[in-house]
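Q: There's a structure below that I have some questions on.
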2 protein chains.
Amino acid sequence: MTRRIKLTVAYDGSAYVGWQSQINGVSVQQTIERALSKLTGLPAPITGASRTDAGVHALGQVAHFDIDSSIPDEKFPLALNTKLPPDIRAINAQTVAPTFHARFHARRKRYRYEIHNSRCAPVLERSHRWHVPVPLDIDAMREEARYMIGEHDFAAFAASGSAVKQTVRTVFDAEVNGSNYDPALIELWISGDGFLYNMVRIFAGTLVDASLGKLGPGAVRRAIRARDRLLLGQTAPAHGLTLMNIEYDRGDEENAATV
Amino acid sequence: MTRRIKLTVAYDGSAYVGWQSQINGVSVQQTIERALSKLTGLPAPITGASRTDAGVHALGQVAHFDIDSSIPDEKFPLALNTKLPPDIRAINAQTVAPTFHARFHARRKRYRYEIHNSRCAPVLERSHRWHVPVPLDIDAMREEARYMIGEHDFAAFAASGSAVKQTVRTVFDAEVNGSNYDPALIELWISGDGFLYNMVRIFAGTLVDASLGKLGPGAVRRAIRARDRLLLGQTAPAHGLTLMNIEYDRGDEENAATV
């Protein structure tokens with residue numbers, strides 16, 4: 001019997017053109033679709049919650065697809081992982097209501113941006129940390145981050161050339177954390193009901209530029225008000241960014257029992 | 001004027017046949033020697049403190065070499081890094097006494113072994129963590145680790161076929177730590193005046209096998225007494241191991257001023 005599965009996946013984005021299939025290289029989506037096809041012998045188109053860019057990683061990307069398979073949910077990730085390369089791992093599979101939609105039903109997405117703030121570049125973490133050699137001021141970064149929180153028109157944070165018309169988003173929290181684990185590590189965490197294309201990378205680059213004194217205090221607030229990309233900082237590189245998790249209304253999953 | 005430099009380097013060992021030059025691939029040592037040659041225009045043989053194996057990483061390997069260069073110590077790492085690939089980074093350079101020897105004068109070496117203890121394999125850290133999917137018992141691992149501490153004949157920990165005759169070593173400390181940063185991470189830390197070939201990897205594999213109940217409690221103590229490799233556990237894979245730092249007598253570096 002056909003059922004709809006909500007699949008949670010982790011990936012190292014280094015080797016991919018991004019989540020979405022494109023003509024110029026291998027995408028995460030098509031790699032998972034091929035693995036599913038190997039498992040079931042049938043074409044298996046999947047729909048992802050977030051179209052992560054080339055080089056962006058995920059520890060909790062979510063996708064849905066319909067499948068005619070008798071593999072139970074709890075065995076599904078193990079079975080799929082035998083068909084996936086080691087830089088993509090299925091973490092969880094759950095049968096959900098046939099109306100569940102990974103993208104449209106997402107209520108909250110959380111991203112992490114990792115900065116390696118040390119004179120010396122990282123070696124073991126170089127695929128997922130942005131190296132910033134000049135010492136950063138965490139307090140100054142926190143000061144800017146808090147202007148992100150709330151419902152705002154984030155037009156200033158839209159990548160130029162973006163076709164998106166509706167630029168109002170709600171940011172639930174935005175944090176800047178040092179680390180006892182590694183003194184070189186600064187983590188930015190941001191969660192919201194959705195993000196414009198490149199918004200988190202512009203957020204990260206702006207915090208760094210603000211900390212380095214390239215923008216006056218309050219740059220984020222001024223840019224949001226003026227809807228002006230030029231008042232913000234650089235777009236931080238893709239490889240520091242990781243999609244951490246996506247939350248859904250509980251009802252979507254509880255309906256699964258009725259399938 | 002020729003001077004002797006003590007160089008501290010970090011590397012991701014994934015792409016190398018190990019520290020030492022071999023016929024079957026590219027070594028870390030030869031990659032650094034070539035970078036030095038590009039910098040100075042002269043051959044630049046270097047001597048490393050530890051011959052790390054294929055796949056083993058380092059955050060604080062030490063090497064020495066003699067060089068005729070006017071680049072000041074503090075600029076040296078930056079200059080050398082322009083000639084090195086991103087998986088090898090020079091961290092520090094210091095002019096030392098011409099008698100300084102990276103290997104013979106090392107007094108204390110510290111290694112870290114990273115275990116990813118989660119049902120799901122790591123993606124971002126897969127180059128430097130050993131994936132152990134079955135839940136481990138940190139207390140049981142600590143219990144075995146403490147038998148390592150002290151001056152012992154570690155013949156049981158010598159890789160079979162090893163030519164080393166003198167197998168007495170002193171282990172200063174051996175710790176097993178969970179992590180608030182990442183619940184999946186278990187770190188083993190061990191420091192000593194020296195280690196036999198594969199000793200740290202056998203130590204890591206033995207702690208895991210002890211935790212899984214494959215060895216009775218006290219396995220490390222019994223194996224040391226009996227000098228019997230068969231009483232210990234598996235040799236853990238190379239890629240979880242990182243040489244963290246090497247300490248020297250302070251005198252070696254203070255003599256530098258007289259050069």
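Each chain of the structure tokens is named A, B, ... in the order shown, its residues numbered from 1; ligands are numbered from 1 in display order.
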Hey, list the chain A side of the contact with chain B: 8 Å cut-off, only C-alpha atoms, answer as a ChimeraX atom specification.
A: /A:10-12,86-89,91,120-121,123-125,127-128,181
Q: So which residues touch Leu39 (chain A) within 8 Å, counting only C-alpha atoms, skipping near sequence neighbours fewer than 2 positions away, as a ChimeraX atom specification?
A: /A:35-37,41,79-80,83
Q: Could you dump the residues just selected with C-alpha atoms as a PDB file, in the first residue's frame?
A:
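Dumped everything to result.pdb:
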```pdb
ATOM      1  CA  ALA A  35      18.891   5.692  -3.472  1.00  0.00           C
ATOM      2  CA  LEU A  36      15.122   5.388  -2.969  1.00  0.00           C
ATOM      3  CA  SER A  37      14.732   4.029  -6.498  1.00  0.00           C
ATOM      4  CA  GLY A  41      12.743  -0.354  -8.017  1.00  0.00           C
ATOM      5  CA  ALA A  79      17.853   0.390   4.589  1.00  0.00           C
ATOM      6  CA  LEU A  80      18.168   3.700   2.753  1.00  0.00           C
ATOM      7  CA  LYS A  83      22.179   2.949  -0.826  1.00  0.00           C
TER       8      LYS A  83
END
```
Q: Which residues in region 40-146 of chain A does DSSP call strand (DSSP E or B)? List them as JSON, numbers by chain.
A: {"A": [47, 48, 53, 57, 58, 59, 60, 61, 62, 63, 64, 65, 66, 67, 68, 88, 89, 90, 91, 92, 93, 94, 95, 96, 106, 107, 108, 109, 110, 111, 112, 113, 114, 115, 116, 130, 131]}
Q: Would you mind writing down, as an NGL selection string, each residue of region 50-100 of chain B that DSSP on the backbone assigns to alpha helix (DSSP H)?
A: :B and (76-81)
Q: Please indicate the distance in Å from CA of Phe195 (chain A) to CA of Ala219 (chain A), rounded to one decimal place.
A: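 Straight-line distance from CA of Phe195 (chain A) to CA of Ala219 (chain A) works out to 19.0 Å.
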Q: Find the distance between CA of Ile224 (chain B) and CA of Ser191 (chain B) and write it in Å to one decimal.
A: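 These atoms are spaced 17.4 Å apart.
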Q: List the neighbours of region 133-145 of chain B out to 9 Å using only C-alpha atoms; skip same-chain residues closer than 4 positions along the sequence, and give me the result as a list of chain:residue names.
A: B:His116, B:Asn117, B:Ser118, B:Arg119, B:Cys120, B:Ala121, B:Ile149, B:Asp173, B:Ala174, B:Glu175, B:Val176, B:Asn177, B:Gly178, B:Ile186, B:Leu188, B:Ile190, B:Phe203, B:Thr206, B:Leu207, B:Val208, B:Ala210, B:Ser211, B:Leu212, B:Pro217, B:Gly218, B:Ala219, B:Val220, B:Arg221
Q: Now that the selection is made, can you save its residues with N, CA, C and O atoms as an mmCIF file, in the first residue's frame?
A:
```cif
data_model
loop_
_atom_site.group_PDB
_atom_site.id
_atom_site.type_symbol
_atom_site.label_atom_id
_atom_site.label_comp_id
_atom_site.auth_asym_id
_atom_site.auth_seq_id
_atom_site.Cartn_x
_atom_site.Cartn_y
_atom_site.Cartn_z
ATOM 1 N N HIS B 116 32.060 8.727 17.780
ATOM 2 C CA HIS B 116 30.708 9.239 17.543
ATOM 3 C C HIS B 116 29.741 8.133 17.947
ATOM 4 O O HIS B 116 29.509 7.188 17.198
ATOM 5 N N ASN B 117 29.200 8.253 19.161
ATOM 6 C CA ASN B 117 28.377 7.176 19.716
ATOM 7 C C ASN B 117 26.900 7.504 19.541
ATOM 8 O O ASN B 117 26.251 8.076 20.420
ATOM 9 N N SER B 118 26.391 7.123 18.375
ATOM 10 C CA SER B 118 25.004 7.413 18.015
ATOM 11 C C SER B 118 24.598 6.382 16.972
ATOM 12 O O SER B 118 25.428 5.884 16.220
ATOM 13 N N ARG B 119 23.312 6.078 16.948
ATOM 14 C CA ARG B 119 22.821 5.122 15.969
ATOM 15 C C ARG B 119 23.206 5.550 14.554
ATOM 16 O O ARG B 119 23.535 4.737 13.694
ATOM 17 N N CYS B 120 23.184 6.855 14.341
ATOM 18 C CA CYS B 120 23.438 7.391 13.007
ATOM 19 C C CYS B 120 24.893 7.855 12.871
ATOM 20 O O CYS B 120 25.437 8.478 13.779
ATOM 21 N N ALA B 121 25.514 7.564 11.757
ATOM 22 C CA ALA B 121 26.894 7.978 11.508
ATOM 23 C C ALA B 121 26.974 9.494 11.367
ATOM 24 O O ALA B 121 26.023 10.129 10.920
ATOM 25 N N ILE B 149 47.350 4.330 33.514
ATOM 26 C CA ILE B 149 48.174 5.386 34.110
ATOM 27 C C ILE B 149 49.345 4.798 34.890
ATOM 28 O O ILE B 149 49.199 3.826 35.624
ATOM 29 N N ASP B 173 48.241 10.610 32.013
ATOM 30 C CA ASP B 173 46.808 10.580 32.296
ATOM 31 C C ASP B 173 46.037 9.970 31.134
ATOM 32 O O ASP B 173 46.507 9.944 30.002
ATOM 33 N N ALA B 174 44.874 9.449 31.465
ATOM 34 C CA ALA B 174 44.003 8.787 30.483
ATOM 35 C C ALA B 174 42.574 9.083 30.912
ATOM 36 O O ALA B 174 42.141 8.658 31.981
ATOM 37 N N GLU B 175 41.859 9.848 30.084
ATOM 38 C CA GLU B 175 40.512 10.307 30.460
ATOM 39 C C GLU B 175 39.480 9.904 29.420
ATOM 40 O O GLU B 175 39.793 9.779 28.239
ATOM 41 N N VAL B 176 38.248 9.761 29.885
ATOM 42 C CA VAL B 176 37.114 9.505 28.995
ATOM 43 C C VAL B 176 36.081 10.577 29.290
ATOM 44 O O VAL B 176 35.592 10.670 30.415
ATOM 45 N N ASN B 177 35.761 11.404 28.291
ATOM 46 C CA ASN B 177 34.847 12.517 28.518
ATOM 47 C C ASN B 177 33.654 12.503 27.576
ATOM 48 O O ASN B 177 33.825 12.380 26.367
ATOM 49 N N GLY B 178 32.476 12.639 28.142
ATOM 50 C CA GLY B 178 31.308 12.964 27.343
ATOM 51 C C GLY B 178 31.358 14.435 26.983
ATOM 52 O O GLY B 178 32.293 15.136 27.361
ATOM 53 N N ILE B 186 32.116 11.129 22.341
ATOM 54 C CA ILE B 186 32.920 10.669 23.478
ATOM 55 C C ILE B 186 34.377 10.891 23.104
ATOM 56 O O ILE B 186 34.830 10.433 22.053
ATOM 57 N N LEU B 188 38.364 10.383 24.123
ATOM 58 C CA LEU B 188 39.403 9.768 24.941
ATOM 59 C C LEU B 188 40.642 10.646 24.828
ATOM 60 O O LEU B 188 41.013 11.050 23.726
ATOM 61 N N ILE B 190 44.712 10.866 26.137
ATOM 62 C CA ILE B 190 45.796 10.146 26.796
ATOM 63 C C ILE B 190 47.101 10.897 26.553
ATOM 64 O O ILE B 190 47.353 11.382 25.449
ATOM 65 N N PHE B 203 44.303 1.053 22.652
ATOM 66 C CA PHE B 203 43.679 1.601 23.866
ATOM 67 C C PHE B 203 42.220 1.975 23.586
ATOM 68 O O PHE B 203 41.295 1.554 24.303
ATOM 69 N N THR B 206 40.086 -1.119 22.861
ATOM 70 C CA THR B 206 39.904 -1.925 24.074
ATOM 71 C C THR B 206 38.836 -1.306 24.971
ATOM 72 O O THR B 206 38.000 -2.018 25.541
ATOM 73 N N LEU B 207 38.840 0.016 25.097
ATOM 74 C CA LEU B 207 37.821 0.674 25.917
ATOM 75 C C LEU B 207 36.424 0.422 25.345
ATOM 76 O O LEU B 207 35.465 0.178 26.086
ATOM 77 N N VAL B 208 36.313 0.483 24.026
ATOM 78 C CA VAL B 208 35.013 0.233 23.392
ATOM 79 C C VAL B 208 34.597 -1.226 23.603
ATOM 80 O O VAL B 208 33.463 -1.503 24.013
ATOM 81 N N ALA B 210 35.530 -3.268 25.928
ATOM 82 C CA ALA B 210 35.241 -3.480 27.350
ATOM 83 C C ALA B 210 33.830 -2.969 27.663
ATOM 84 O O ALA B 210 33.053 -3.624 28.359
ATOM 85 N N SER B 211 33.497 -1.804 27.116
ATOM 86 C CA SER B 211 32.187 -1.214 27.357
ATOM 87 C C SER B 211 31.079 -2.081 26.773
ATOM 88 O O SER B 211 29.969 -2.134 27.312
ATOM 89 N N LEU B 212 31.366 -2.774 25.688
ATOM 90 C CA LEU B 212 30.365 -3.628 25.043
ATOM 91 C C LEU B 212 30.324 -5.025 25.666
ATOM 92 O O LEU B 212 29.613 -5.903 25.169
ATOM 93 N N PRO B 217 35.874 -7.021 33.128
ATOM 94 C CA PRO B 217 36.459 -5.860 33.807
ATOM 95 C C PRO B 217 37.915 -6.134 34.181
ATOM 96 O O PRO B 217 38.261 -7.258 34.547
ATOM 97 N N GLY B 218 38.762 -5.105 34.058
ATOM 98 C CA GLY B 218 40.180 -5.264 34.397
ATOM 99 C C GLY B 218 41.008 -5.810 33.249
ATOM 100 O O GLY B 218 42.162 -6.202 33.444
ATOM 101 N N ALA B 219 40.476 -5.799 32.051
ATOM 102 C CA ALA B 219 41.197 -6.360 30.899
ATOM 103 C C ALA B 219 42.544 -5.666 30.681
ATOM 104 O O ALA B 219 43.547 -6.325 30.400
ATOM 105 N N VAL B 220 42.544 -4.337 30.826
ATOM 106 C CA VAL B 220 43.789 -3.594 30.601
ATOM 107 C C VAL B 220 44.845 -4.028 31.604
ATOM 108 O O VAL B 220 46.002 -4.291 31.239
ATOM 109 N N ARG B 221 44.452 -4.152 32.879
ATOM 110 C CA ARG B 221 45.406 -4.556 33.914
ATOM 111 C C ARG B 221 45.950 -5.960 33.622
ATOM 112 O O ARG B 221 47.146 -6.197 33.681
#
```
Q: As a ChimeraX atom specification, please: the residues near Gly192 (chain A) (cut-off 12 Å, only C-alpha atoms, same-chain neighbours under 2 positions excluded).
A: /A:106-111,148-152,154,168-174,189-190,194-196,199-200,243,245-247
Q: Using only C-alpha atoms, which of the listed residues (B:Asp53, B:Glu33, B:Asp153, B:Asp68) sits closest to Arg201 (chain B)?
A: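 Closest to Arg201 (chain B), using only C-alpha atoms: B:Asp53.
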